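Peer 1: My structure file final-v4.txt, compact mmCIF, C-alpha atoms, is below:
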# COMPACT_ATOMS: atom_id res chain seq x y z
CA MET A 135 62.65 -24.30 38.94
CA ASP A 136 59.11 -24.04 40.22
CA PRO A 137 58.67 -20.38 41.18
CA GLN A 138 57.08 -21.14 44.54
CA LEU A 139 59.85 -23.53 45.42
CA LYS A 140 62.45 -20.99 44.38
CA ARG A 141 60.72 -18.35 46.43
CA GLY A 142 60.77 -20.46 49.60
CA LEU A 143 64.40 -21.37 49.09
CA THR A 144 65.40 -17.76 48.46
CA ASP A 145 63.60 -16.59 51.59
CA ALA A 146 65.30 -19.23 53.70
CA CYS A 147 68.67 -18.53 52.12
CA VAL A 148 68.49 -14.81 52.94
CA LEU A 149 67.36 -15.60 56.49
CA ALA A 150 70.26 -18.03 56.84
CA LEU A 151 72.73 -15.37 55.70
CA LEU A 152 71.28 -12.90 58.19
CA SER A 153 71.34 -15.46 60.99
CA ARG A 154 75.14 -14.97 61.11
CA GLY A 155 74.80 -11.22 61.62
CA ASP A 156 73.29 -8.07 60.18
CA SER A 157 74.04 -7.38 56.55
CA TYR A 158 73.30 -4.99 53.70
CA GLY A 159 71.96 -5.45 50.18
CA TYR A 160 75.14 -5.70 48.15
CA ARG A 161 76.83 -7.94 50.70
CA LEU A 162 73.82 -10.29 50.71
CA MET A 163 73.97 -10.47 46.91
CA LYS A 164 77.66 -11.33 47.00
CA ASP A 165 77.27 -13.88 49.79
CA ALA A 166 74.42 -15.62 48.01
CA ALA A 167 76.18 -15.58 44.64
CA GLY A 168 77.75 -19.02 45.08
CA LEU A 169 74.37 -20.56 45.93
CA MET A 170 71.78 -18.96 43.74
CA PRO A 171 71.76 -16.10 41.28
CA LEU A 172 70.26 -13.12 43.08
CA SER A 173 70.17 -9.89 41.17
CA ALA A 174 69.46 -6.53 42.72
CA SER A 175 65.89 -6.68 41.53
CA THR A 176 65.20 -10.25 42.62
CA LEU A 177 66.66 -9.65 46.08
CA TYR A 178 64.55 -6.59 46.76
CA PRO A 179 61.13 -8.35 46.74
CA VAL A 180 62.56 -11.05 49.00
CA LEU A 181 63.69 -8.49 51.57
CA ARG A 182 60.37 -6.68 51.40
CA ARG A 183 58.42 -9.91 51.75
CA LEU A 184 60.46 -10.99 54.77
CA GLU A 185 60.12 -7.54 56.31
CA GLU A 186 56.34 -7.66 55.90
CA ALA A 187 56.25 -11.12 57.43
CA GLY A 188 58.14 -9.77 60.45
CA ALA A 189 61.09 -12.06 59.73
CA LEU A 190 63.56 -9.20 59.43
CA LEU A 191 63.79 -5.51 60.25
CA VAL A 192 65.50 -2.72 58.36
CA TYR A 193 67.56 0.07 59.87
CA SER A 194 69.87 2.74 58.49
CA GLN A 195 73.36 3.39 59.75
CA GLU A 196 76.04 5.82 58.71
CA HIS A 197 78.72 4.32 56.50
CA THR A 198 81.50 6.39 54.86
CA GLY A 199 79.51 9.57 54.92
CA ARG A 200 76.13 8.20 53.81
CA LEU A 201 73.30 6.21 55.33
CA ARG A 202 73.35 2.53 54.42
CA ARG A 203 70.40 0.24 54.99
CA TYR A 204 71.02 -2.87 57.07
CA TYR A 205 68.88 -5.93 57.58
CA ARG A 206 68.54 -7.83 60.85
CA ILE A 207 66.82 -11.15 61.42
CA THR A 208 64.08 -11.13 64.09
CA PRO A 209 63.21 -13.96 66.51
CA GLU A 210 60.25 -14.61 64.19
CA GLY A 211 62.69 -14.98 61.30
CA ARG A 212 64.84 -17.39 63.29
CA ALA A 213 61.76 -19.45 64.08
CA GLN A 214 60.86 -19.53 60.37
CA LEU A 215 64.37 -20.63 59.53
CA ALA A 216 64.29 -23.39 62.13
CA ALA A 217 60.92 -24.60 60.85
CA PHE A 218 62.26 -24.59 57.30
CA VAL A 219 65.27 -26.72 58.28
CA ARG A 220 63.11 -29.17 60.21
CA GLU A 221 60.76 -29.68 57.36
CA TRP A 222 63.43 -30.02 54.73
CA GLU A 223 65.13 -32.68 56.79
CA ALA A 224 62.08 -34.82 56.16
CA LEU A 225 62.24 -33.97 52.47
CA GLY A 226 65.93 -34.89 52.45
CA LYS A 227 65.00 -38.52 53.01
CA VAL A 228 62.63 -38.43 50.08
CA TYR A 229 65.28 -36.77 47.96
CA ALA A 230 67.88 -39.37 48.93
CA PHE A 231 65.47 -42.12 47.97
CA ILE A 232 64.65 -40.55 44.59
CA LYS A 233 68.30 -39.90 43.87
CA GLN A 234 69.31 -43.44 44.74
CA ARG A 235 66.51 -44.93 42.67
CA GLU A 236 67.45 -42.74 39.74
CA ALA A 237 71.10 -43.78 40.05
CA GLU A 238 70.02 -47.44 40.06
CA ASN A 239 67.91 -46.83 36.97
CA GLN A 240 70.95 -45.39 35.23
CA GLU A 241 72.98 -48.46 36.16
CA HIS A 242 70.31 -51.02 35.28
CA PRO A 243 68.07 -49.48 32.67
CA ASP A 244 66.45 -52.90 32.09
CA LYS A 245 64.85 -52.78 35.55
CA GLU A 246 62.81 -49.79 34.56
CA GLU A 247 60.88 -51.84 32.07
CA ALA A 248 60.17 -54.61 34.55
CA GLY A 249 58.25 -52.12 36.66
CA HIS A 250 57.13 -52.58 40.21
CA GLU A 251 55.07 -55.39 41.51
CA THR A 252 53.36 -54.51 44.71
CA MET B 120 74.58 5.85 32.09
CA LYS B 121 75.26 7.62 35.34
CA ARG B 122 73.83 6.60 38.66
CA GLU B 123 71.48 9.57 38.99
CA GLU B 124 70.16 8.96 35.51
CA TYR B 125 69.53 5.27 36.16
CA LEU B 126 67.74 5.95 39.41
CA ARG B 127 65.62 8.67 37.80
CA ASP B 128 64.54 6.30 35.02
CA LEU B 129 63.77 3.59 37.53
CA LYS B 130 61.77 5.98 39.69
CA LEU B 131 59.73 7.02 36.67
CA LYS B 132 58.97 3.42 35.75
CA LEU B 133 57.93 2.56 39.28
CA GLU B 134 55.71 5.61 39.52
CA GLN B 135 54.04 4.67 36.24
CA ASP B 136 53.39 1.27 37.80
CA ASP B 137 51.78 2.80 40.90
CA PHE B 138 54.41 0.99 42.89
CA ALA B 139 53.67 1.41 46.58
CA GLN B 140 57.04 2.39 48.03
CA VAL B 141 59.05 4.15 45.35
CA GLU B 142 61.38 6.06 47.68
CA GLU B 143 62.10 2.92 49.66
CA ALA B 144 63.03 1.02 46.52
CA ILE B 145 65.14 3.84 45.12
CA ALA B 146 67.08 4.07 48.39
CA TYR B 147 67.75 0.34 48.17
CA PHE B 148 69.02 0.50 44.58
CA ASN B 149 71.14 3.54 45.41
CA ASP B 150 72.71 1.56 48.28
CA LEU B 151 73.54 -1.27 45.94
CA LEU B 152 75.18 1.00 43.37
CA GLU B 153 77.19 2.87 45.99
CA ASP B 154 78.38 -0.32 47.64
CA ARG B 155 79.27 -1.98 44.36
CA MET B 156 81.32 1.04 43.32
CA ALA B 157 83.08 1.19 46.69
CA GLU B 158 83.73 -2.53 47.08
CA GLU B 159 84.65 -3.33 43.49
CA GLY B 160 86.40 -0.04 42.77
CA MET B 161 84.05 0.64 39.84
CA ASP B 162 83.01 3.96 38.46
CA GLU B 163 79.35 4.87 38.11
CA GLU B 164 79.06 3.80 34.48
CA ALA B 165 80.47 0.33 35.18
CA ALA B 166 78.29 -0.21 38.24
CA VAL B 167 75.15 0.90 36.41
CA ALA B 168 76.02 -1.35 33.47
CA LEU B 169 75.73 -4.36 35.79
CA MET B 170 72.20 -3.44 36.86
CA ASP B 171 69.07 -4.75 35.19
CA ALA B 172 67.36 -2.24 32.92
CA PRO B 173 64.72 -0.10 34.70
CA ASP B 174 61.95 -1.78 32.67
CA LEU B 175 63.01 -5.22 33.83
CA VAL B 176 63.47 -4.10 37.44
CA ALA B 177 60.00 -2.61 37.45
CA SER B 178 58.48 -5.82 36.10
CA GLN B 179 60.33 -7.94 38.65
CA LEU B 180 59.23 -5.72 41.52
CA ARG B 181 55.68 -5.90 40.27
CA GLU B 182 55.73 -9.59 41.15
CA GLY B 183 56.93 -8.74 44.63
CA PRO B 184 54.78 -8.40 47.72
CA GLU B 185 53.39 -4.96 46.88
CA LYS B 186 51.32 -6.22 44.03
CA THR B 187 50.22 -9.77 44.66
CA ALA B 188 46.86 -8.10 44.51
CA GLU B 189 44.45 -10.98 43.98
CA GLN B 190 43.51 -10.23 47.55
CA PRO B 191 43.80 -6.69 48.82
CA GLN B 192 46.98 -6.47 50.86
CA ASP B 193 45.65 -4.35 53.68
CA GLU B 194 42.79 -6.74 54.34
CA PRO B 195 44.11 -10.28 54.45
CA GLN B 196 41.32 -12.82 54.02
CA GLY B 197 40.57 -14.50 57.29
CA PRO B 198 39.28 -18.05 57.41
CA SER B 199 35.55 -18.52 56.97
CA TRP B 200 33.03 -21.36 56.66
CA ARG B 201 31.60 -22.41 53.31
CA SER B 202 28.51 -24.54 52.98
CA THR B 203 27.33 -26.33 49.89
CA VAL B 204 24.08 -28.21 49.40
CA ALA B 205 23.30 -30.94 46.87
CA GLN B 206 20.08 -32.89 46.29
CA ALA B 207 20.78 -36.34 47.67
CA ASP B 208 18.76 -38.21 45.04
CA GLN B 209 21.08 -36.87 42.34
CA VAL B 210 24.18 -38.19 44.04
CA ARG B 211 25.46 -41.72 43.44
CA ARG B 212 28.99 -41.26 44.62
CA ILE B 213 30.57 -38.99 47.22
CA LEU B 214 34.29 -38.42 46.96
CA LEU B 215 36.20 -36.43 49.54
CA ARG B 216 39.92 -35.80 49.48
CA ASP B 217 41.37 -33.74 52.31
CA ARG B 218 44.40 -33.59 54.57
CA ASN B 219 45.22 -32.41 58.07
CA MET B 220 41.53 -31.88 58.66
CA ARG B 221 38.96 -33.52 60.95
CA LEU B 222 36.12 -35.11 59.11
CA THR B 223 32.67 -35.79 60.55
CA VAL B 224 29.94 -37.52 58.56
CA ILE B 225 26.50 -37.64 60.12
CA GLY B 226 23.24 -39.12 58.90
CA GLU B 227 20.10 -37.26 59.88
CA LYS B 228 16.51 -36.67 58.77
CA ARG B 229 17.05 -34.61 55.66
CA GLU B 230 16.67 -34.86 51.88
CA ASP B 231 19.83 -33.09 50.84
CA ILE B 232 23.54 -33.36 51.42
CA LEU B 233 25.15 -30.48 53.26
CA ILE B 234 28.88 -30.03 53.19
CA ARG B 235 30.53 -27.48 55.40
CA HIS B 236 34.22 -26.76 55.11
CA PRO B 237 36.59 -23.98 56.15
CA GLU B 238 38.22 -21.75 53.62
CA SER B 239 41.09 -19.35 53.86
CA GLU B 240 43.79 -17.92 51.67
CA LYS B 241 45.74 -21.15 51.95
CA VAL B 242 42.95 -23.67 52.50
CA ARG B 243 40.85 -24.02 49.39
CA TYR B 244 38.60 -26.70 48.02
CA ALA B 245 37.33 -27.61 44.61
CA PHE B 246 33.70 -28.71 44.65
CA THR B 247 32.11 -30.47 41.68
CA LEU B 248 28.85 -32.26 41.07
CA SER B 249 28.41 -33.92 37.72
CA GLU B 250 26.83 -37.14 36.51
CA GLY B 251 25.91 -38.16 40.04
CA ARG B 252 29.44 -37.70 41.33
CA LEU B 253 29.87 -35.23 44.17
CA SER B 254 33.46 -34.39 44.82
CA LEU B 255 35.16 -32.12 47.34
CA THR B 256 38.91 -31.96 46.91
CA ARG B 257 41.40 -29.91 48.85
CA GLU B 258 43.54 -27.91 46.47
CA GLU B 259 47.22 -28.69 46.48
CA LEU B 260 49.50 -25.88 47.52
CA PRO B 261 52.90 -25.35 46.00
CA LEU B 262 55.40 -27.37 48.00
CA THR B 263 57.09 -24.45 49.70
CA TRP B 264 53.82 -23.00 50.88
CA GLN B 265 53.03 -26.27 52.53
CA LEU B 266 56.37 -26.22 54.26
CA PHE B 267 56.96 -22.62 55.02
CA PHE B 268 53.63 -21.16 55.88
CA TRP B 269 51.11 -22.15 58.50
CA ASP B 270 47.71 -22.23 56.85
CA GLY B 271 46.23 -19.91 59.47
CA LEU B 272 43.20 -21.99 60.42
CA PRO B 273 42.35 -22.02 64.13
CA ARG B 274 41.91 -25.47 65.64
CA GLU B 275 38.14 -25.27 65.92
CA MET B 276 37.89 -24.59 62.20
CA ARG B 277 39.95 -27.57 61.13
CA GLU B 278 36.92 -29.64 60.35
CA VAL B 279 34.84 -30.69 57.39
CA THR B 280 31.29 -31.80 58.16
CA LEU B 281 29.14 -33.81 55.83
CA ARG B 282 25.44 -34.13 56.70
CA VAL B 283 23.56 -36.71 54.68
CA PRO B 284 20.14 -38.40 54.75
CA LEU B 285 19.83 -41.43 57.04
CA ASP B 286 19.33 -43.53 53.93
CA LEU B 287 21.84 -42.67 51.27
CA ALA B 288 21.65 -44.26 47.83
CA ALA B 289 25.30 -43.64 47.10
CA GLU B 290 28.75 -44.92 47.74
CA MET B 291 31.25 -42.91 49.75
CA ASP B 292 34.99 -42.61 49.50
CA LEU B 293 36.39 -40.33 52.19
CA ARG B 294 40.01 -39.51 52.87
CA THR B 295 41.78 -37.15 55.17
CA SER B 296 44.98 -37.31 57.20
CA ASN B 297 46.46 -36.42 60.57
CA ALA B 298 43.06 -35.92 62.13
CA ARG B 299 40.01 -37.61 63.60
CA LEU B 300 37.40 -39.18 61.35
CA THR B 301 33.88 -39.85 62.64
CA LEU B 302 30.92 -41.53 60.91
CA ARG B 303 27.49 -41.83 62.48
CA ASP B 304 23.95 -43.00 61.65
CA ILE B 305 24.16 -43.76 57.94
CA THR B 306 22.73 -46.49 55.79
CA CYS B 307 24.78 -46.35 52.68
CA TRP B 308 23.59 -48.38 49.70
CA GLY B 309 26.99 -48.43 48.11
CA SER B 310 30.35 -49.29 49.54
CA LEU B 311 31.93 -47.02 52.12
CA THR B 312 35.64 -46.33 52.29
CA ALA B 313 36.98 -44.04 55.02
CA ALA B 314 40.63 -43.39 55.72
CA THR B 315 42.68 -41.04 57.84
CA SER B 316 46.03 -41.25 59.57
CA ASN B 317 47.38 -40.38 62.99
CA GLY B 318 43.88 -39.73 64.23
CA ALA B 319 41.16 -41.74 65.92
CA LEU B 320 38.49 -43.22 63.71
CA SER B 321 35.05 -44.04 64.99
CA LEU B 322 32.05 -45.62 63.35
CA GLU B 323 28.65 -45.81 64.97
CA ASN B 324 25.43 -47.16 63.55
CA ILE B 325 26.66 -47.56 59.98
CA SER B 326 25.48 -49.90 57.29
CA ALA B 327 26.92 -50.22 53.81
CA LYS B 328 27.46 -52.64 50.93
CA SER B 329 31.05 -53.04 52.04
CA LEU B 330 33.07 -51.19 54.66
CA SER B 331 36.73 -50.40 54.41
CA ILE B 332 38.07 -48.37 57.33
CA LYS B 333 41.62 -47.33 57.95
CA THR B 334 43.71 -45.11 60.20
CA SER B 335 47.14 -45.31 61.82
CA ASN B 336 48.73 -44.60 65.18
CA ALA B 337 45.35 -44.15 66.78
CA ALA B 338 42.37 -45.98 68.18
CA LEU B 339 39.65 -47.45 66.03
CA SER B 340 36.17 -47.79 67.46
CA LEU B 341 33.36 -49.63 65.69
CA SER B 342 29.90 -49.87 67.11
CA GLN B 343 26.80 -51.26 65.36
CA ALA B 344 28.19 -51.49 61.86
CA SER B 345 27.13 -53.90 59.18
CA ALA B 346 28.18 -54.71 55.64
CA ARG B 347 26.51 -56.93 53.07
CA GLN B 348 29.95 -57.85 51.83
CA ASP B 349 33.29 -57.47 53.61
CA LEU B 350 33.99 -55.29 56.61
CA LYS B 351 37.65 -54.46 56.94
CA ALA B 352 39.10 -52.20 59.59
CA ALA B 353 42.76 -51.52 60.21
CA THR B 354 44.94 -49.25 62.31
CA SER B 355 48.37 -49.46 63.88
CA ASN B 356 49.62 -48.71 67.38
CA GLY B 357 46.06 -48.14 68.48
CA LYS B 358 43.46 -50.37 70.03
CA ILE B 359 40.41 -51.65 68.24
CA THR B 360 37.08 -51.82 70.02
CA ALA B 361 34.35 -53.58 68.06
CA ARG B 362 30.81 -54.20 69.22
CA GLY B 363 27.78 -55.23 67.25
CA LEU B 364 29.38 -55.82 63.87
CA SER B 365 27.82 -57.90 61.15
CA ALA B 366 29.35 -58.91 57.81
CA PRO B 367 30.00 -62.12 55.86
CA GLY B 368 33.73 -61.41 56.10
CA LEU B 369 35.13 -59.46 59.02
CA THR B 370 38.76 -58.39 59.38
CA LEU B 371 40.18 -56.32 62.24
CA LYS B 372 43.89 -55.55 62.28
CA THR B 373 46.20 -53.41 64.38
CA SER B 374 49.59 -53.64 66.05
CA ASN B 375 50.99 -53.01 69.51
CA ALA B 376 47.51 -52.58 70.90
CA SER B 377 44.60 -54.72 71.96
CA ILE B 378 41.53 -55.88 70.10
CA ALA B 379 38.30 -56.18 72.07
CA VAL B 380 35.24 -57.68 70.41
CA ALA B 381 31.64 -58.38 71.35
CA GLU B 382 28.50 -59.31 69.45
CA LEU B 383 30.13 -60.07 66.13
CA GLU B 384 27.94 -61.72 63.50
CA SER B 385 30.10 -63.23 60.81
CA GLY B 386 31.01 -66.56 59.27
CA ASP B 387 34.59 -65.50 58.62
CA ILE B 388 36.47 -63.50 61.24
CA THR B 389 40.11 -62.46 61.17
CA LEU B 390 41.66 -60.73 64.18
CA GLY B 391 45.31 -59.75 64.15
CA THR B 392 47.58 -57.65 66.35
CA SER B 393 50.94 -57.89 68.09
CA ASN B 394 52.26 -57.30 71.59
CA ALA B 395 48.76 -56.97 72.96
CA ALA B 396 45.73 -59.01 73.88
CA ILE B 397 42.79 -60.17 71.83
CA LYS B 398 39.74 -60.52 74.02
CA GLY B 399 35.97 -60.67 74.04
CA THR B 400 33.10 -62.94 73.10
CA LEU B 401 32.02 -64.62 69.89
CA SER B 402 28.67 -66.18 69.11
CA GLY B 403 27.91 -69.91 69.00
CA GLN B 404 30.13 -72.58 70.43
CA VAL B 405 33.69 -73.59 69.71
CA ALA B 406 32.51 -76.54 67.62
CA ASP B 407 30.84 -74.18 65.15
CA TRP B 408 34.19 -72.76 64.16
CA THR B 409 37.20 -73.78 62.17
CA ILE B 410 39.95 -72.02 64.08
CA THR B 411 43.52 -71.06 63.56
CA SER B 412 45.05 -69.07 66.40
CA ARG B 413 48.45 -68.33 67.77
CA THR B 414 50.20 -66.17 70.31
CA SER B 415 53.65 -66.30 71.79
CA ASN B 416 54.42 -65.65 75.42
CA GLY B 417 50.78 -65.60 76.32
CA LYS B 418 47.78 -67.72 77.18
CA ASN B 419 45.35 -68.77 74.49
CA THR B 420 41.78 -69.83 75.26
CA LEU B 421 41.31 -71.01 71.67
CA PRO B 422 42.61 -74.19 70.16
CA ALA B 423 45.65 -73.46 67.99
CA SER B 424 43.96 -75.29 65.17
CA ASN B 425 40.50 -76.79 65.08
CA GLN B 426 38.65 -78.33 62.18
CA GLY B 427 35.17 -77.52 63.35
CA GLY B 428 32.08 -76.09 61.79
CA SER B 429 31.61 -73.94 58.73
CA ARG B 430 32.49 -70.66 60.41
CA ARG B 431 36.09 -69.61 60.18
CA LEU B 432 38.05 -67.78 62.86
CA SER B 433 41.62 -66.62 62.73
CA ALA B 434 43.19 -64.88 65.74
CA HIS B 435 46.86 -63.99 65.94
CA THR B 436 48.98 -61.89 68.31
CA SER B 437 52.28 -62.09 70.16
CA ASN B 438 53.52 -61.50 73.68
CA ALA B 439 50.00 -61.36 75.03
CA ASN B 440 46.90 -63.42 75.75
CA ILE B 441 44.14 -64.44 73.46
CA SER B 442 41.01 -64.69 75.53
CA LEU B 443 37.97 -65.26 73.34
CA LYS B 444 34.88 -66.99 74.65
CA PHE B 445 31.86 -68.37 72.88
CA THR B 446 28.44 -67.35 74.13
CA ALA B 447 26.98 -70.84 73.81
CA ASP B 448 29.87 -72.61 75.51
CA ALA B 449 29.50 -73.36 79.18
CA TYR B 450 32.84 -72.13 80.39
Once more with this new file: its structure as structure tokens, please.
Peer 2:
Amino acid sequence: MDPQLKRGLTDACVLALLSRGDSYGYRLMKDAAGLMPLSASTLYPVLRRLEEAGALLVYSQEHTGRLRRYYRITPEGRAQLAAFVREWEALGKVYAFIKQREAENQEHPDKEEAGHET
Amino acid sequence: MKREEYLRDLKLKLEQDDFAQVEEAIAYFNDLLEDRMAEEGMDEEAAVALMDAPDLVASQLREGPEKTAEQPQDEPQGPSWRSTVAQADQVRRILLRDRNMRLTVIGEKREDILIRHPESEKVRYAFTLSEGRLSLTREELPLTWQLFFWDGLPREMREVTLRVPLDLAAEMDLRTSNARLTLRDITCWGSLTAATSNGALSLENISAKSLSIKTSNAALSLSQASARQDLKAATSNGKITARGLSAPGLTLKTSNASIAVAELESGDITLGTSNAAIKGTLSGQVADWTITSRTSNGKNTLPASNQGGSRRLSAHTSNANISLKFTADAY
């Protein structure tokens, strides 16, 4: 996948996970596992990037006798997430069109050769 | 490998890399190991075995935000103006490709071509001049940058200005989008193509070999423009105002908005819109023209069809009046 595209998707994915409530590193990794492979070392830059952008904040809280770091989405982060969803809705139409056209090509490979006349 | 050992190795690697926040990163990786052990019931060895090797971690973090260091992190590059000058007599073709940016092209008493454009971390242009071809092209951003990040330009800086000699021995092909496009005081020896979208387009005192003008969802205003070949202007959902146009073939098209014309000099005029009026004056008398015209639900001062003189007029709309008069007719 294009690295920039992946980066944007990963950012939005982490923000979406946090939009349901504060979380911590390992939990985020597990929650994202079904969607995209996030390793410890790929998640860390994402969290740092979002923190620097003001989209999330980090705090420490005691958990079973040690301090665990938690991540919380900020209003800025929620706004970013909303903007992301809005803009991908527009892309969804393009995707649906491409997908449908591709499916038609698979069904009628002869059409491909005919080309488009505009 | 035990947890302490892994973290020590990692710390060493990060320090060798001059990584900015080593302690911060180590605390994060320690959290992960502790939580994995607790939640999966693993011992230290097993949890560490699932981690990436310190070398790999260090290289992945290097690509993170701490070291994107083409620009210094602490001093983000603000937007600024860039100006470029080219000798006009070397230029035969001007090509401009932009988006989401106002574009103003002005002819004035000068020998060179001056281009001024904004530039910021996310708004960049490629400028080339070779074999008489001057080209300014906005660089494409990766898709997600376009979607996810505002480009940081303040409104007053969202503009590219092109200043050219009054008499320009070149052709021009100018495109932008979602913004206003303005052209003023230019005699262009070659053809002139100008297109934007969702922004008003205005042309004043322009002459060219041929003129092709296009916008959408906005008004189109043409004043004192002439072409030695065709003059075509189109928009949608925006009115067209045309005064003092001259071209052998003249086409004005819009939709859902009116067309108002005056002082048109042409032997072949096409006016088309919908749901709005076509109005104004044309030269000569009705007998000079071969006319086809039609509206629905509206009055029409033209004959629907008239085999007249050698000049051709076509005017079509719907749900509104056509009210075109001829200067030499006595009504």
Peer 1: Pick the closest to chain A from B:Leu300, B:Leu330, B:Leu311, B:Leu260: which is it, counting all atoms listed in the file?
Peer 2: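 For chain A, the nearest of the candidates is B:Leu260.
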Peer 1: Between atom CA of Leu371 of chain B and atom CA of Leu390 of chain B, what distance in Å does the model show, to one decimal?
Peer 2: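 Separation of atom CA of Leu371 of chain B and atom CA of Leu390 of chain B: 5.0 Å.
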Peer 1: Given the point (79.0, 8.9, 37.5) in the coordinates of this file, which residues lie within 8 Å, counting all atoms listed in the file, and how would they look as a list in words?
Peer 2: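 Nearby residues: Met120, Lys121, Arg122, Glu123, Asp162, Glu163 and Glu164 of chain B.
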Peer 1: Residues of chain A that have any atom at most 7 Å from an atom of chain B: could you tabulate them with the shortest-distance atom pair and the distance in Å to one decimal, using only C-alpha atoms, ordered by chain and increasing number, as CSV?
Peer 2:
residue,atom,partner,partner_atom,distance
A:Gln138,CA,B:Pro261,CA,6.1
A:Leu139,CA,B:Thr263,CA,5.2
A:Gly142,CA,B:Thr263,CA,5.4
A:Gly159,CA,B:Leu151,CA,6.2
A:Tyr160,CA,B:Leu151,CA,5.2
A:Ser175,CA,B:Val176,CA,5.4
A:Thr176,CA,B:Gln179,CA,6.7
A:Pro179,CA,B:Gly183,CA,4.7
A:Arg182,CA,B:Pro184,CA,6.9
A:Arg183,CA,B:Pro184,CA,5.6
A:Arg202,CA,B:Asp150,CA,6.2
A:Phe218,CA,B:Phe267,CA,6.1
A:Glu221,CA,B:Leu266,CA,6.4
Peer 1: To one decimal place, how far is atom CA of Ser194 of chain A from atom CA of Tyr178 of chain A in Å?
Peer 2: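 That distance, rounded to one decimal, is 15.9 Å.
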Peer 1: Give me, please, the distance in Å between atom CA of Arg277 of chain B and atom CA of Cys307 of chain B, quoted to one decimal.
Peer 2: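 So the two atoms, atom CA of Arg277 of chain B and atom CA of Cys307 of chain B, lie 25.6 Å apart.
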Peer 1: Determine, counting all atoms listed in the file, which protein, DNA and RNA residues have an atom within 9 Å of an atom of segment 357-368 of chain B; residues of the same chain fewer than 3 positions away are not included. Present the result as a PyMOL selection string.
Peer 2: chain B and resi 319+329+335-354+371-389+395
Peer 1: Pick the closest to Lys164 of chain A from A:Leu201, A:Leu143, A:Leu151, A:Ala224: which is it, counting only C-alpha atoms?
Peer 2: A:Leu151
